[in-house]
Each structure stands twice: as C-alpha cells, then as structure tokens.
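Asks: So that you have it, the file is target25.cif, and it contains mmCIF, C-alpha atoms, pLDDT in the B column; chains and numbers go by the auth columns:
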data_upload
loop_
_atom_site.group_PDB
_atom_site.id
_atom_site.type_symbol
_atom_site.label_atom_id
_atom_site.label_comp_id
_atom_site.label_asym_id
_atom_site.label_seq_id
_atom_site.Cartn_x
_atom_site.Cartn_y
_atom_site.Cartn_z
_atom_site.B_iso_or_equiv
_atom_site.auth_seq_id
_atom_site.auth_asym_id
ATOM 1 C CA MET A 1 -3.895 5.748 -32.593 42.00 1 A
ATOM 2 C CA SER A 2 -5.059 2.349 -31.379 50.00 2 A
ATOM 3 C CA GLN A 3 -8.578 1.366 -32.497 60.00 3 A
ATOM 4 C CA ASN A 4 -8.839 -1.296 -29.776 59.00 4 A
ATOM 5 C CA PHE A 5 -11.794 0.040 -27.767 70.00 5 A
ATOM 6 C CA LYS A 6 -11.557 -2.862 -25.302 76.00 6 A
ATOM 7 C CA ARG A 7 -8.031 -2.019 -24.264 77.00 7 A
ATOM 8 C CA ALA A 8 -7.466 -0.494 -20.823 79.00 8 A
ATOM 9 C CA GLY A 9 -6.531 3.176 -20.909 79.00 9 A
ATOM 10 C CA LYS A 10 -7.912 6.667 -21.274 83.00 10 A
ATOM 11 C CA ILE A 11 -11.263 7.100 -23.014 82.00 11 A
ATOM 12 C CA THR A 12 -11.260 9.134 -26.203 81.00 12 A
ATOM 13 C CA GLY A 13 -14.554 10.220 -27.700 83.00 13 A
ATOM 14 C CA SER A 14 -17.895 9.201 -26.227 86.00 14 A
ATOM 15 C CA PRO A 15 -17.713 6.864 -23.201 86.00 15 A
ATOM 16 C CA LEU A 16 -20.956 5.277 -24.427 86.00 16 A
ATOM 17 C CA CYS A 17 -19.233 3.906 -27.529 85.00 17 A
ATOM 18 C CA GLY A 18 -18.788 0.158 -27.105 85.00 18 A
ATOM 19 C CA LEU A 19 -20.963 -0.306 -24.013 88.00 19 A
ATOM 20 C CA CYS A 20 -22.636 -3.675 -24.424 88.00 20 A
ATOM 21 C CA ASP A 21 -24.017 -4.960 -21.128 92.00 21 A
ATOM 22 C CA ARG A 22 -24.402 -4.625 -17.353 94.00 22 A
ATOM 23 C CA VAL A 23 -22.128 -6.803 -15.252 94.00 23 A
ATOM 24 C CA CYS A 24 -22.489 -7.826 -11.616 96.00 24 A
ATOM 25 C CA ILE A 25 -19.006 -7.803 -10.045 96.00 25 A
ATOM 26 C CA GLN A 26 -18.127 -9.097 -6.603 96.00 26 A
ATOM 27 C CA THR A 27 -15.490 -6.819 -5.138 95.00 27 A
ATOM 28 C CA LYS A 28 -14.322 -5.118 -1.967 95.00 28 A
ATOM 29 C CA ARG A 29 -15.915 -1.704 -1.537 94.00 29 A
ATOM 30 C CA VAL A 30 -14.553 1.037 0.691 95.00 30 A
ATOM 31 C CA LEU A 31 -17.472 2.307 2.776 94.00 31 A
ATOM 32 C CA ASP A 32 -15.502 5.110 4.430 96.00 32 A
ATOM 33 C CA GLY A 33 -11.940 5.929 5.333 96.00 33 A
ATOM 34 C CA CYS A 34 -9.515 8.554 6.540 96.00 34 A
ATOM 35 C CA VAL A 35 -5.797 9.255 6.195 97.00 35 A
ATOM 36 C CA TYR A 36 -3.326 10.070 8.966 95.00 36 A
ATOM 37 C CA ARG A 37 -0.212 12.042 7.941 96.00 37 A
ATOM 38 C CA ARG A 38 2.466 12.949 10.456 95.00 38 A
ATOM 39 C CA SER A 39 6.125 13.904 10.345 96.00 39 A
ATOM 40 C CA ASN A 40 8.777 13.397 13.016 96.00 40 A
ATOM 41 C CA VAL A 41 6.860 10.559 14.677 96.00 41 A
ATOM 42 C CA GLU A 42 8.972 8.921 17.376 97.00 42 A
ATOM 43 C CA LEU A 43 9.177 5.150 16.987 97.00 43 A
ATOM 44 C CA ASN A 44 10.411 2.735 19.646 96.00 44 A
ATOM 45 C CA ILE A 45 11.342 -0.535 17.976 96.00 45 A
ATOM 46 C CA THR A 46 12.456 -3.782 19.574 94.00 46 A
ATOM 47 C CA LEU A 47 14.291 -5.870 17.012 93.00 47 A
ATOM 48 C CA SER A 48 13.247 -9.512 16.947 88.00 48 A
ATOM 49 C CA SER A 49 15.955 -10.593 14.516 87.00 49 A
ATOM 50 C CA VAL A 50 19.195 -9.046 13.271 89.00 50 A
ATOM 51 C CA SER A 51 21.500 -10.059 10.416 87.00 51 A
ATOM 52 C CA PRO A 52 24.057 -12.531 11.810 86.00 52 A
ATOM 53 C CA SER A 53 27.875 -12.208 11.790 85.00 53 A
ATOM 54 C CA LEU A 54 27.872 -8.440 12.353 88.00 54 A
ATOM 55 C CA THR A 55 29.927 -6.635 14.972 87.00 55 A
ATOM 56 C CA PRO A 56 28.401 -4.006 17.293 88.00 56 A
ATOM 57 C CA PRO A 57 28.177 -1.093 17.751 91.00 57 A
ATOM 58 C CA TYR A 58 25.586 -0.539 15.036 92.00 58 A
ATOM 59 C CA THR A 59 24.961 2.750 13.223 94.00 59 A
ATOM 60 C CA PHE A 60 21.365 3.430 12.224 96.00 60 A
ATOM 61 C CA SER A 61 20.678 4.048 8.512 97.00 61 A
ATOM 62 C CA SER A 62 16.916 3.883 7.923 97.00 62 A
ATOM 63 C CA VAL A 63 13.585 2.383 8.921 98.00 63 A
ATOM 64 C CA ARG A 64 10.810 1.372 6.519 97.00 64 A
ATOM 65 C CA SER A 65 7.472 -0.365 6.832 97.00 65 A
ATOM 66 C CA VAL A 66 7.127 -3.796 5.249 95.00 66 A
ATOM 67 C CA GLY A 67 4.258 -6.241 4.960 91.00 67 A
ATOM 68 C CA ILE A 68 0.636 -5.835 5.964 95.00 68 A
ATOM 69 C CA SER A 69 -0.671 -3.726 8.855 97.00 69 A
ATOM 70 C CA VAL A 70 -2.692 -5.727 11.375 97.00 70 A
ATOM 71 C CA VAL A 71 -5.752 -4.229 13.093 97.00 71 A
ATOM 72 C CA GLN A 72 -6.023 -5.394 16.718 97.00 72 A
ATOM 73 C CA ASN A 73 -8.100 -4.723 19.860 97.00 73 A
ATOM 74 C CA LEU A 74 -10.971 -3.280 17.830 96.00 74 A
ATOM 75 C CA ILE A 75 -13.752 -1.447 19.691 96.00 75 A
ATOM 76 C CA LEU A 76 -16.716 -0.021 17.739 94.00 76 A
ATOM 77 C CA THR A 77 -19.137 2.439 19.350 94.00 77 A
ATOM 78 C CA THR A 78 -22.242 3.799 17.621 92.00 78 A
ATOM 79 C CA LEU A 79 -22.544 7.576 17.966 94.00 79 A
ATOM 80 C CA PRO A 80 -25.799 9.595 18.157 91.00 80 A
ATOM 81 C CA ASP A 81 -25.236 11.125 14.701 90.00 81 A
ATOM 82 C CA GLY A 82 -25.224 7.690 13.064 87.00 82 A
ATOM 83 C CA LYS A 83 -21.464 7.465 12.687 93.00 83 A
ATOM 84 C CA THR A 84 -19.179 4.962 14.397 94.00 84 A
ATOM 85 C CA ARG A 85 -16.279 5.552 16.753 96.00 85 A
ATOM 86 C CA VAL A 86 -13.437 3.199 15.846 97.00 86 A
ATOM 87 C CA GLN A 87 -10.809 2.508 18.492 97.00 87 A
ATOM 88 C CA THR A 88 -8.004 0.168 17.539 97.00 88 A
ATOM 89 C CA THR A 89 -4.339 -0.702 17.773 98.00 89 A
ATOM 90 C CA ILE A 90 -2.546 -1.089 14.444 98.00 90 A
ATOM 91 C CA ALA A 91 0.619 -3.187 14.331 98.00 91 A
ATOM 92 C CA VAL A 92 3.032 -2.456 11.482 98.00 92 A
ATOM 93 C CA PRO A 93 6.075 -4.632 10.642 97.00 93 A
ATOM 94 C CA VAL A 94 9.239 -2.627 9.883 98.00 94 A
ATOM 95 C CA THR A 95 12.783 -3.245 8.678 97.00 95 A
ATOM 96 C CA VAL A 96 15.689 -1.310 10.155 97.00 96 A
ATOM 97 C CA THR A 97 18.830 -0.949 8.034 97.00 97 A
ATOM 98 C CA PHE A 98 22.190 -0.226 9.680 96.00 98 A
ATOM 99 C CA THR A 99 25.952 -0.627 9.403 95.00 99 A
ATOM 100 C CA ASP A 100 28.184 -2.422 11.884 92.00 100 A
ATOM 101 C CA GLU A 101 31.618 -1.506 13.246 91.00 101 A
ATOM 102 C CA SER A 102 33.363 -2.626 10.046 92.00 102 A
ATOM 103 C CA GLY A 103 30.928 -0.820 7.726 93.00 103 A
ATOM 104 C CA GLN A 104 28.970 -3.900 6.683 94.00 104 A
ATOM 105 C CA THR A 105 25.269 -3.372 6.020 95.00 105 A
ATOM 106 C CA GLY A 106 22.730 -5.334 8.023 94.00 106 A
ATOM 107 C CA THR A 107 19.013 -5.389 8.715 95.00 107 A
ATOM 108 C CA GLY A 108 16.766 -6.046 11.679 94.00 108 A
ATOM 109 C CA GLN A 109 13.064 -6.845 11.856 96.00 109 A
ATOM 110 C CA GLY A 110 10.661 -5.288 14.300 96.00 110 A
ATOM 111 C CA GLU A 111 7.168 -3.940 14.805 97.00 111 A
ATOM 112 C CA VAL A 112 5.631 -0.630 15.779 97.00 112 A
ATOM 113 C CA THR A 113 2.093 -0.040 17.020 97.00 113 A
ATOM 114 C CA PHE A 114 -0.246 2.923 16.760 97.00 114 A
ATOM 115 C CA ASN A 115 -3.340 3.574 18.864 97.00 115 A
ATOM 116 C CA ARG A 116 -6.079 5.143 16.775 97.00 116 A
ATOM 117 C CA ASP A 117 -9.421 6.663 17.794 97.00 117 A
ATOM 118 C CA VAL A 118 -11.331 7.879 14.708 97.00 118 A
ATOM 119 C CA VAL A 119 -14.886 8.383 13.464 97.00 119 A
ATOM 120 C CA LEU A 120 -16.132 6.653 10.291 96.00 120 A
ATOM 121 C CA SER A 121 -19.467 6.408 8.485 93.00 121 A
ATOM 122 C CA ILE A 122 -20.410 2.733 8.516 89.00 122 A
ATOM 123 C CA PRO A 123 -23.873 1.441 7.501 82.00 123 A
ATOM 124 C CA ARG A 124 -25.703 -0.053 10.460 77.00 124 A
ATOM 125 C CA GLN A 125 -28.331 -2.176 8.756 72.00 125 A
ATOM 126 C CA SER A 126 -26.436 -4.725 6.686 73.00 126 A
ATOM 127 C CA LEU A 127 -26.625 -8.502 6.702 77.00 127 A
ATOM 128 C CA LEU A 128 -23.127 -8.883 5.272 79.00 128 A
ATOM 129 C CA PRO A 129 -20.196 -8.079 7.573 87.00 129 A
ATOM 130 C CA TYR A 130 -17.684 -5.298 7.103 90.00 130 A
ATOM 131 C CA GLU A 131 -14.051 -5.066 8.163 94.00 131 A
ATOM 132 C CA ILE A 132 -11.750 -2.356 9.474 96.00 132 A
ATOM 133 C CA GLU A 133 -8.454 -2.329 7.569 97.00 133 A
ATOM 134 C CA SER A 134 -5.323 -0.237 7.539 97.00 134 A
ATOM 135 C CA SER A 135 -2.457 0.468 5.140 96.00 135 A
ATOM 136 C CA THR A 136 0.663 2.111 6.537 97.00 136 A
ATOM 137 C CA VAL A 137 3.810 3.607 5.020 97.00 137 A
ATOM 138 C CA ILE A 138 6.716 4.469 7.332 98.00 138 A
ATOM 139 C CA GLU A 139 9.991 6.021 6.218 97.00 139 A
ATOM 140 C CA GLY A 140 12.727 7.482 8.383 97.00 140 A
ATOM 141 C CA SER A 141 16.461 8.146 8.251 96.00 141 A
ATOM 142 C CA ILE A 142 17.093 9.520 11.744 97.00 142 A
ATOM 143 C CA GLY A 143 17.575 7.131 14.637 97.00 143 A
ATOM 144 C CA ALA A 144 19.894 5.399 17.055 96.00 144 A
ATOM 145 C CA PHE A 145 20.382 2.001 18.650 94.00 145 A
ATOM 146 C CA VAL A 146 19.678 1.564 22.358 92.00 146 A
ATOM 147 C CA GLY A 147 19.656 -1.323 24.786 81.00 147 A
ATOM 148 C CA GLY A 148 22.811 -3.010 23.588 76.00 148 A
ATOM 149 C CA GLY A 149 21.801 -3.140 19.942 73.00 149 A
ATOM 150 C CA VAL A 150 18.399 -4.799 20.299 84.00 150 A
ATOM 151 C CA GLY A 151 16.324 -1.616 20.349 93.00 151 A
ATOM 152 C CA VAL A 152 15.985 1.410 18.092 96.00 152 A
ATOM 153 C CA VAL A 153 14.588 4.882 18.646 97.00 153 A
ATOM 154 C CA ALA A 154 13.814 6.574 15.328 97.00 154 A
ATOM 155 C CA SER A 155 12.022 9.607 13.928 97.00 155 A
ATOM 156 C CA ALA A 156 9.968 8.900 10.824 97.00 156 A
ATOM 157 C CA CYS A 157 7.261 10.090 8.464 97.00 157 A
ATOM 158 C CA VAL A 158 4.030 8.118 8.771 97.00 158 A
ATOM 159 C CA LEU A 159 1.146 7.881 6.314 97.00 159 A
ATOM 160 C CA GLN A 160 -1.675 5.623 7.432 97.00 160 A
ATOM 161 C CA ILE A 161 -5.064 4.937 5.847 97.00 161 A
ATOM 162 C CA ILE A 162 -7.854 3.499 7.969 97.00 162 A
ATOM 163 C CA ARG A 163 -10.886 2.233 6.084 96.00 163 A
ATOM 164 C CA ALA A 164 -14.093 0.300 6.539 95.00 164 A
ATOM 165 C CA THR A 165 -14.600 -2.230 3.741 95.00 165 A
ATOM 166 C CA ALA A 166 -17.169 -4.835 2.759 93.00 166 A
ATOM 167 C CA THR A 167 -17.358 -7.483 0.054 93.00 167 A
ATOM 168 C CA VAL A 168 -20.304 -6.475 -2.110 93.00 168 A
ATOM 169 C CA GLU A 169 -21.841 -7.141 -5.519 94.00 169 A
ATOM 170 C CA ILE A 170 -21.968 -4.028 -7.691 95.00 170 A
ATOM 171 C CA LEU A 171 -23.712 -3.606 -11.019 96.00 171 A
ATOM 172 C CA VAL A 172 -21.486 -1.727 -13.465 93.00 172 A
ATOM 173 C CA PRO A 173 -21.662 -0.870 -17.177 92.00 173 A
ATOM 174 C CA SER A 174 -19.294 -2.987 -19.251 92.00 174 A
ATOM 175 C CA TYR A 175 -17.514 -2.928 -22.577 88.00 175 A
ATOM 176 C CA GLY A 176 -17.110 -6.701 -22.430 88.00 176 A
ATOM 177 C CA TYR A 177 -13.922 -8.614 -21.783 89.00 177 A
ATOM 178 C CA CYS A 178 -10.547 -6.913 -22.135 86.00 178 A
ATOM 179 C CA GLU A 179 -8.626 -7.413 -25.342 83.00 179 A
ATOM 180 C CA TYR A 180 -4.866 -7.073 -24.950 81.00 180 A
ATOM 181 C CA PRO A 181 -2.540 -5.746 -27.626 77.00 181 A
ATOM 182 C CA ASP A 182 0.327 -7.861 -28.871 77.00 182 A
ATOM 183 C CA CYS A 183 3.411 -7.710 -26.673 79.00 183 A
ATOM 184 C CA GLU A 184 6.101 -5.336 -27.870 74.00 184 A
ATOM 185 C CA GLU A 185 9.421 -7.156 -27.812 74.00 185 A
ATOM 186 C CA TYR A 186 12.365 -5.005 -26.787 72.00 186 A
ATOM 187 C CA GLY A 187 14.345 -6.402 -29.711 68.00 187 A
ATOM 188 C CA ASP A 188 11.732 -4.991 -32.100 71.00 188 A
ATOM 189 C CA ARG A 189 12.169 -1.548 -30.539 72.00 189 A
ATOM 190 C CA ALA A 190 15.959 -1.766 -30.762 71.00 190 A
ATOM 191 C CA CYS A 191 15.708 -2.623 -34.469 76.00 191 A
ATOM 192 C CA ARG A 192 12.925 -0.148 -35.262 74.00 192 A
ATOM 193 C CA THR A 193 15.305 2.304 -36.938 76.00 193 A
ATOM 194 C CA LEU A 194 16.719 -0.435 -39.131 75.00 194 A
ATOM 195 C CA PHE A 195 13.314 -1.819 -40.097 72.00 195 A
ATOM 196 C CA ALA A 196 12.055 1.671 -40.966 77.00 196 A
ATOM 197 C CA ARG A 197 14.745 2.175 -43.605 81.00 197 A
ATOM 198 C CA PRO A 198 13.946 1.276 -47.238 84.00 198 A
ATOM 199 C CA ILE A 199 15.406 -1.983 -48.461 81.00 199 A
ATOM 200 C CA PHE A 200 16.409 -0.554 -51.821 81.00 200 A
ATOM 201 C CA PRO A 201 17.808 2.881 -52.696 81.00 201 A
ATOM 202 C CA THR A 202 15.185 5.544 -53.321 74.00 202 A
#
As structure tokens, please, write out the structure in this file.
Replies:
Amino acid sequence: MSQNFKRAGKITGSPLCGLCDRVCIQTKRVLDGCVYRRSNVELNITLSSVSPSLTPPYTFSSVRSVGISVVQNLILTTLPDGKTRVQTTIAVPVTVTFTDESGQTGTGQGEVTFNRDVVLSIPRQSLLPYEIESSTVIEGSIGAFVGGGVGVVASACVLQIIRATATVEILVPSYGYCEYPDCEEYGDRACRTLFARPIFPT
C-alpha cells in the first residue's frame, strides 16, 4: 500500500491525518442547477457544412453534440419565494454522420436550439456576478435527410444540465501540495515477470 498521503485518491484511515493548513482557493462554484433528460427528442438540423466530394443521396447514420453549449436570450425574473425564473435559448453544435450513394462516410456540421424555462435558487445580494451555463449531450441514430441533403430530421436522446455559477473564494482544509508518484513505464510492466525471477538458481 502506498504511504504517500499527499497523493490523490481514496482516503484510508482518519481524514484528519496530514491536514496542515487552511487554503483560500479561487474557483467556480455551482450555486444551483437542474438536469433535463428526454428520449426521442425531435431535432431539426440545417447543415452549414458537409464533407466535400460525396455523392447524394445521403443515408443518415448518427447525430452527436460537439463543442460548448451557448446560452442566449437570457431573461431572469425574481419570484415571490426568493427563487429566480430562468428563461433562455441554448444553442448546441452537433455533428451528423452519414454515408453517400457509394457508401463513403461523411459528416456535416449544424446546430440545434432548445428553449428552456426553469426555476433556480440564485442569491440576490451579491456584489460579484454570476452566470447561467449549460452542458448538453445529444446522441441519436434515427434520422433522415430532407431538403435536398442540406437538412436533417433526427430523433435523439438529450441530457442537458443548466446551472448558475459564480467565481468565488472558498476556504478549504488542505494537506499541502500534491506529491505525484513516479511514472510507471509500460516497459517495466511488460518485464515485471522477468525481473521478479531470481537471478541464480534457488
């Protein structure tokens, strides 16, 4: 068992062992958030770019989200119970994979948008600003091309997290700076059996 108490990993024994100071860390804190899970969500995608030198008609293979979701048209309304109504449009870049008439694989880039109207707990009295962010995962394997190969209608699974965040300074207990173990070379692992054998007959 490793005796390196400053190595990242599970704590064994008392968590107080090795604590040495209090550290002020500047980080992004999630004030509140919610998750949206839906299956069979219909997506209408206009492709802005398609792999060149491919021959229509195209056969849909899959659609996946890529890149960072962008929060747009944000409207915040304070509610009587102290919470905040968050209305926004979230734009998510996606990649559509398909095959052409000859069976070659190609891709197209597009974007889908979601209108969201949710309630979050956001502190009112704060000098430092907060932000509304979103992370989105889209995966689907059912769809078809429309509009002469420039549009796609697909059915997909959507998981989307909407959160209110703020950059804050938090005081946390610390074990000091991390100490990393020596790197384990793959060659050492491959030769471990050989190195474990005695050099001379026993």
Asks: For a quick check of understanding, using only C-alpha atoms, which of A:Phe5, A:Tyr36, A:Tyr130, A:Phe200 has the smallest distance to A:Ala164?
Replies: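 Of the candidates, the smallest distance to A:Ala164 is held by A:Tyr130.
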Asks: Name the residues that the PyMOL selection byres ((chain A and resi 28-34) around 6) picks from the file above, as a PyMOL selection string, using the file's chain letters and numbers.
Replies: chain A and resi 27+35+121+161-167
Asks: Can you list what the PyMOL selection byres ((chain A and resi 83) around 9) grabs from this structure, as a list in words?
Replies: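 For this structure, the PyMOL selection byres ((chain A and resi 83) around 9) resolves to Thr77, Thr78, Leu79, Pro80, Asp81, Gly82, Thr84, Arg85, Val119, Leu120, Ser121, Ile122, Pro123 and Arg124 of chain A.
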Asks: Would you mind reading off the distance between atom CA of A:Ile132 and atom CA of A:Asp117, one decimal, in Å?
Replies: 12.5 Å
Asks: To test the calculation: enclose all listed atoms of stretch 180-199 of chain A in a box whose edges run along x, y and z, add 3 Å on each side, then state centre and edge lengths in Å to one decimal, as AutoDock Vina command-line options.
Replies:
--center_x 5.9 --center_y -2.8 --center_z -36.7 --size_x 27.6 --size_y 16.2 --size_z 29.5
Asks: For each of A:Gln26, A:Ser141, A:Thr107, A:Thr59, take the minimum atom-to-atom distance to A:Leu43, counting all atoms listed in the file, then give the residue where this is smallest.
Replies: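 Of A:Gln26, A:Ser141, A:Thr107, A:Thr59, the one nearest A:Leu43 is A:Ser141, counting all atoms listed in the file.
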